[in-house]
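J.: First the structure, then my questions, so here it is.
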Amino acid sequence: MDREDDEQSSLAWFGKGMCGIFSLPAFILMLSFVGFCSLTAQAGIPVQQVVFMTGMVWALPAKVILVSSMMSGAGLAAAFLAVSLSSVRLMPMVAALVPELRTSRTPTWLLLFLSHFVAITAWVFAMENVPKVPRERRVVFFAGFGITLVAANMILVAVVYHFVADFPPIAAGCLFFLTPVYFLASIWHSARHPVVYVALLFGLVGGPLFYWLLPEFDILLAGLVGGTLAWFVERLWRHRKEVGA
Amino acid sequence: MTWQDGWWAYAFIAIAGWLATDIWRWLGVVAGNKLREDSEALNWVRAVATALVAAVIAKLILYPTGVLEQSPLWLRVGSVALGAAVFFLFGRKPAVGIATAIAALALGLWWLGF
């Protein structure tokens, strides 16, 4: 393949990534951002800061925690700690995605840059769609999707912020509910490894269980303990099947 | 100083928001770069990542904020259960399951007078 062809094809895959904005997950995320707008508008945070936050933090749960820290007048250190704890989950998510994205020649600085665009929606979308892309085009494809999704939501926030003040309660409730329901359906649908089904069930039970036991670290513990148990159980089944066969 | 004062608000968001999240993404790149695609270690990382996201999902359903805070638990769990049942019965299409769950919630909220 000569260089010109190569560049053209890269551009085409970037474009295909951009088209991911017209997908169910992107649509649902945008609806969730409409919900986030109404939260920040009610909290009295200026729209410029909300747009800045959308681009810089990106992960929606982290932003919700940041906003609630700002509202309660928490200090910088306390807010940093709360947001950090909620974002530890980004580490295994990125770590699971990187081996799918890179080739042996992908520079690390590029992966560091692109990791900023990982949040739950982009992760679920990438884990589902990246395997269908030729390996040497995956980074470009993800860049097209991730950058477009962040930019589109920054514009959305800037525009919608002024209109969300009085939403009917049923619409607001349904907007909020879309996010968890979509995550559930999409993770189950896109799972390509049996361990994902087991981990999903263990996490669903572990979340409330650890919230009841140790509310400060619930998500972390549910992930570590639930995930490790799920991995162990699935491995046991796999080995038993191999022995039985 | 509070978050309303001009530049301080942006510095606050940059440190407590951006830095606090991107640190973990960068660590994820460093860790992920060392994982082989077919390794047992990656399988474990995958399980932990999925369980973490699942815990976030469960909390959003069981302990929501905003309007849903006042809605009964049975309605939220029932809507998800109905959505899941339809998802598994009719070809496992995500859009079908999602639409069912949301429609059930909307009907329930309307019926309860929200």
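Just so we're on the same page: first chain in the structure tokens is A, next is B, and so on; residues restart at 1 for each chain, and ligands are numbered from 1 in the order they show up.
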Show which residues sit within 10 Å of B:Val48, as an MDAnalysis selection string. Count only C-alpha atoms, and ignore same-chain residues fewer than 5 positions away.
T.: (chainID A and resid 89 92:93 96 195:196 199:200 202:203 220:231) or (chainID B and resid 42:43 53:54)
J.: Residues at most 9 Å from stretch 101-106 of chain B, counting only C-alpha atoms, excluding those fewer than 5 positions away in the same chain, as a VMD selection string?
T.: (chain A and resid 170 to 171 173 to 175 177 to 178 181) or (chain B and resid 75 to 76 78 to 84 86 96 111)
J.: Can you list, as a PDB file with N, CA and C atoms, in the first residue's frame, every protein, DNA or RNA residue that comes within 9 Å of stretch 13-23 of chain A when you count only C-alpha atoms, leaving out same-chain residues fewer than 3 positions away?
T.:
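So the final result, stored in out-v3.pdb, reads:
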ATOM      1  N   GLN A   8      -5.615   8.249   2.836  1.00  0.00           N
ATOM      2  CA  GLN A   8      -7.020   8.314   2.475  1.00  0.00           C
ATOM      3  C   GLN A   8      -7.842   7.359   3.316  1.00  0.00           C
ATOM      4  N   SER A   9      -7.304   6.163   3.468  1.00  0.00           N
ATOM      5  CA  SER A   9      -8.023   5.153   4.211  1.00  0.00           C
ATOM      6  C   SER A   9      -8.127   5.540   5.692  1.00  0.00           C
ATOM      7  N   SER A  10      -7.073   6.168   6.243  1.00  0.00           N
ATOM      8  CA  SER A  10      -7.120   6.636   7.621  1.00  0.00           C
ATOM      9  C   SER A  10      -8.222   7.659   7.797  1.00  0.00           C
ATOM     10  N   ALA A  26     -24.674   7.134  21.484  1.00  0.00           N
ATOM     11  CA  ALA A  26     -24.376   8.567  21.453  1.00  0.00           C
ATOM     12  C   ALA A  26     -25.641   9.373  21.718  1.00  0.00           C
ATOM     13  N   PHE A  27     -26.752   8.913  21.153  1.00  0.00           N
ATOM     14  CA  PHE A  27     -28.034   9.585  21.332  1.00  0.00           C
ATOM     15  C   PHE A  27     -28.445   9.570  22.814  1.00  0.00           C
ATOM     16  N   ILE A  28     -28.294   8.415  23.439  1.00  0.00           N
ATOM     17  CA  ILE A  28     -28.666   8.289  24.848  1.00  0.00           C
ATOM     18  C   ILE A  28     -27.767   9.148  25.734  1.00  0.00           C
ATOM     19  N   PHE A 125     -19.243   1.594  23.589  1.00  0.00           N
ATOM     20  CA  PHE A 125     -19.296   1.692  22.124  1.00  0.00           C
ATOM     21  C   PHE A 125     -18.030   1.098  21.504  1.00  0.00           C
ATOM     22  N   VAL A 133     -13.264  -3.378  13.214  1.00  0.00           N
ATOM     23  CA  VAL A 133     -12.412  -2.487  12.425  1.00  0.00           C
ATOM     24  C   VAL A 133     -11.051  -3.163  12.252  1.00  0.00           C
ATOM     25  N   ARG A 137      -6.446   0.351  11.843  1.00  0.00           N
ATOM     26  CA  ARG A 137      -7.309   1.536  11.735  1.00  0.00           C
ATOM     27  C   ARG A 137      -8.079   1.823  13.027  1.00  0.00           C
ATOM     28  N   ARG A 138      -7.890   0.991  14.039  1.00  0.00           N
ATOM     29  CA  ARG A 138      -8.725   1.110  15.237  1.00  0.00           C
ATOM     30  C   ARG A 138      -8.489   2.414  15.990  1.00  0.00           C
ATOM     31  N   VAL A 139      -7.217   2.840  16.091  1.00  0.00           N
ATOM     32  CA  VAL A 139      -6.898   4.063  16.823  1.00  0.00           C
ATOM     33  C   VAL A 139      -7.566   5.259  16.155  1.00  0.00           C
ATOM     34  N   VAL A 140      -7.487   5.313  14.823  1.00  0.00           N
ATOM     35  CA  VAL A 140      -8.082   6.418  14.068  1.00  0.00           C
ATOM     36  C   VAL A 140      -9.601   6.403  14.233  1.00  0.00           C
ATOM     37  N   PHE A 141     -10.184   5.214  14.151  1.00  0.00           N
ATOM     38  CA  PHE A 141     -11.632   5.065  14.290  1.00  0.00           C
ATOM     39  C   PHE A 141     -12.088   5.566  15.656  1.00  0.00           C
ATOM     40  N   PHE A 142     -11.365   5.150  16.716  1.00  0.00           N
ATOM     41  CA  PHE A 142     -11.743   5.574  18.065  1.00  0.00           C
ATOM     42  C   PHE A 142     -11.558   7.081  18.238  1.00  0.00           C
ATOM     43  N   ALA A 143     -10.476   7.621  17.661  1.00  0.00           N
ATOM     44  CA  ALA A 143     -10.240   9.064  17.743  1.00  0.00           C
ATOM     45  C   ALA A 143     -11.403   9.817  17.099  1.00  0.00           C
ATOM     46  N   GLY A 144     -11.837   9.379  15.936  1.00  0.00           N
ATOM     47  CA  GLY A 144     -12.954  10.032  15.249  1.00  0.00           C
ATOM     48  C   GLY A 144     -14.198  10.030  16.103  1.00  0.00           C
ATOM     49  N   PHE A 145     -14.487   8.881  16.714  1.00  0.00           N
ATOM     50  CA  PHE A 145     -15.682   8.774  17.544  1.00  0.00           C
ATOM     51  C   PHE A 145     -15.554   9.614  18.818  1.00  0.00           C
ATOM     52  N   GLY A 146     -14.453   9.412  19.550  1.00  0.00           N
ATOM     53  CA  GLY A 146     -14.284  10.057  20.860  1.00  0.00           C
ATOM     54  C   GLY A 146     -14.269  11.575  20.762  1.00  0.00           C
ATOM     55  N   ILE A 147     -13.495  12.114  19.824  1.00  0.00           N
ATOM     56  CA  ILE A 147     -13.354  13.568  19.711  1.00  0.00           C
ATOM     57  C   ILE A 147     -14.689  14.186  19.296  1.00  0.00           C
ATOM     58  N   THR A 148     -15.371  13.551  18.350  1.00  0.00           N
ATOM     59  CA  THR A 148     -16.662  14.075  17.898  1.00  0.00           C
ATOM     60  C   THR A 148     -17.681  14.068  19.032  1.00  0.00           C
ATOM     61  N   LEU A 149     -17.691  12.977  19.802  1.00  0.00           N
ATOM     62  CA  LEU A 149     -18.671  12.846  20.881  1.00  0.00           C
ATOM     63  C   LEU A 149     -18.477  13.936  21.932  1.00  0.00           C
ATOM     64  N   ALA A 152     -19.426  17.403  20.344  1.00  0.00           N
ATOM     65  CA  ALA A 152     -20.873  17.534  20.162  1.00  0.00           C
ATOM     66  C   ALA A 152     -21.558  17.806  21.496  1.00  0.00           C
TER      67      ALA A 152
END
J.: Pick out the residues sitting within 7 Å of A:Met91, and hand them over as a list in words; count only C-alpha atoms, and ignore anything fewer than 2 positions along from it in its own chain.
T.: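 Once the nearby chain positions are removed, what remains is Val88, Arg89, Met93, Val94 and Ala95 of chain A; Trp24, Arg25, Leu27 and Gly28 of chain B.
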J.: Hey, what does DSSP flag as alpha helix (DSSP H) within stretch 52-223 of chain A? Can you give it to me as a ChimeraX atom specification?
T.: /A:52-56,60-71,76-87,90-101,108-115,120-129,138-160,169-190,194-213,218-221
J.: Taking 2 positions as the minimum chain separation for residues in the same chain, which residues sit within 9 Å of A:Val50 when counting only C-alpha atoms? Answer as a ChimeraX atom specification.
T.: /A:37,40,45-48,52-55,154,157-158,161
J.: Restrict the selected residues to all heavy atoms and save them as a short mmCIF file (atom, residue, chain, number, x, y, z; two decimals), in the first residue's frame.
T.:
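As a result, result23.cif now contains:
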data_model
loop_
_atom_site.label_atom_id
_atom_site.label_comp_id
_atom_site.auth_asym_id
_atom_site.auth_seq_id
_atom_site.Cartn_x
_atom_site.Cartn_y
_atom_site.Cartn_z
N CYS A 37 -27.44 19.12 32.26
CA CYS A 37 -27.68 20.57 32.12
C CYS A 37 -28.69 21.05 33.15
O CYS A 37 -28.52 22.10 33.76
CB CYS A 37 -28.22 20.89 30.74
SG CYS A 37 -26.95 21.09 29.52
N THR A 40 -27.05 21.24 36.59
CA THR A 40 -26.13 22.36 36.79
C THR A 40 -26.87 23.70 36.77
O THR A 40 -26.51 24.62 37.50
CB THR A 40 -25.03 22.39 35.72
OG1 THR A 40 -25.65 22.30 34.43
CG2 THR A 40 -24.07 21.26 35.90
N ILE A 45 -24.57 26.94 38.44
CA ILE A 45 -23.21 27.01 37.90
C ILE A 45 -23.28 27.66 36.51
O ILE A 45 -24.07 27.23 35.68
CB ILE A 45 -22.61 25.59 37.82
CG1 ILE A 45 -22.48 25.04 39.25
CG2 ILE A 45 -21.25 25.61 37.13
CD1 ILE A 45 -21.98 23.65 39.32
N PRO A 46 -22.43 28.68 36.26
CA PRO A 46 -22.50 29.39 34.97
C PRO A 46 -22.24 28.45 33.79
O PRO A 46 -21.46 27.50 33.90
CB PRO A 46 -21.38 30.43 35.07
CG PRO A 46 -20.98 30.48 36.49
CD PRO A 46 -21.41 29.23 37.15
N VAL A 47 -22.88 28.75 32.66
CA VAL A 47 -22.83 27.84 31.51
C VAL A 47 -21.40 27.66 30.98
O VAL A 47 -21.02 26.56 30.56
CB VAL A 47 -23.80 28.31 30.40
CG1 VAL A 47 -23.42 29.67 29.86
CG2 VAL A 47 -23.88 27.29 29.28
N GLN A 48 -20.56 28.73 31.05
CA GLN A 48 -19.18 28.59 30.56
C GLN A 48 -18.43 27.52 31.34
O GLN A 48 -17.66 26.75 30.78
CB GLN A 48 -18.40 29.92 30.69
CG GLN A 48 -18.95 31.07 29.89
CD GLN A 48 -20.02 31.84 30.65
OE1 GLN A 48 -20.63 31.32 31.60
NE2 GLN A 48 -20.27 33.07 30.23
N PHE A 52 -16.80 23.99 30.02
CA PHE A 52 -15.40 23.71 30.34
C PHE A 52 -15.28 22.34 31.02
O PHE A 52 -14.44 21.51 30.67
CB PHE A 52 -14.89 24.83 31.27
CG PHE A 52 -13.45 24.70 31.68
CD1 PHE A 52 -12.44 24.88 30.76
CD2 PHE A 52 -13.12 24.43 33.00
CE1 PHE A 52 -11.10 24.78 31.14
CE2 PHE A 52 -11.79 24.32 33.39
CZ PHE A 52 -10.78 24.50 32.46
N MET A 53 -16.17 22.11 31.97
CA MET A 53 -16.19 20.85 32.71
C MET A 53 -16.45 19.65 31.79
O MET A 53 -15.82 18.60 31.91
CB MET A 53 -17.34 20.96 33.71
CG MET A 53 -17.26 20.15 34.94
SD MET A 53 -18.79 20.39 35.87
CE MET A 53 -18.47 21.93 36.69
N THR A 54 -17.38 19.84 30.86
CA THR A 54 -17.72 18.76 29.93
C THR A 54 -16.49 18.34 29.12
O THR A 54 -16.20 17.16 28.99
CB THR A 54 -18.86 19.22 28.99
OG1 THR A 54 -19.97 19.60 29.78
CG2 THR A 54 -19.26 18.12 28.04
N GLY A 55 -15.74 19.33 28.63
CA GLY A 55 -14.55 19.00 27.85
C GLY A 55 -13.41 18.45 28.68
O GLY A 55 -12.71 17.53 28.26
N MET A 154 -20.22 19.24 24.15
CA MET A 154 -19.89 20.60 24.62
C MET A 154 -20.83 21.61 23.97
O MET A 154 -21.36 22.51 24.63
CB MET A 154 -18.43 20.93 24.31
CG MET A 154 -17.45 20.18 25.20
SD MET A 154 -15.73 20.40 24.69
CE MET A 154 -15.41 22.05 25.32
N VAL A 157 -24.37 21.19 25.45
CA VAL A 157 -24.49 21.80 26.78
C VAL A 157 -24.65 23.31 26.65
O VAL A 157 -25.51 23.92 27.29
CB VAL A 157 -23.27 21.43 27.65
CG1 VAL A 157 -23.20 22.32 28.89
CG2 VAL A 157 -23.32 19.97 28.05
N ALA A 158 -23.81 23.93 25.79
CA ALA A 158 -23.84 25.38 25.63
C ALA A 158 -25.21 25.85 25.16
O ALA A 158 -25.68 26.91 25.55
CB ALA A 158 -22.76 25.82 24.64
N TYR A 161 -28.46 24.33 27.89
CA TYR A 161 -28.44 24.91 29.24
C TYR A 161 -29.52 25.97 29.45
O TYR A 161 -30.14 26.06 30.50
CB TYR A 161 -27.06 25.53 29.48
CG TYR A 161 -26.83 26.09 30.87
CD1 TYR A 161 -26.32 25.29 31.88
CD2 TYR A 161 -27.13 27.42 31.16
CE1 TYR A 161 -26.10 25.80 33.15
CE2 TYR A 161 -26.91 27.94 32.43
CZ TYR A 161 -26.39 27.12 33.42
OH TYR A 161 -26.17 27.63 34.67
#
J.: Neighbours of B:Arg92 within 10 Å (only C-alpha atoms; same-chain residues fewer than 5 positions away dropped), as number ranges by chain?
T.: A: 185, 188-189; B: 84-87, 97
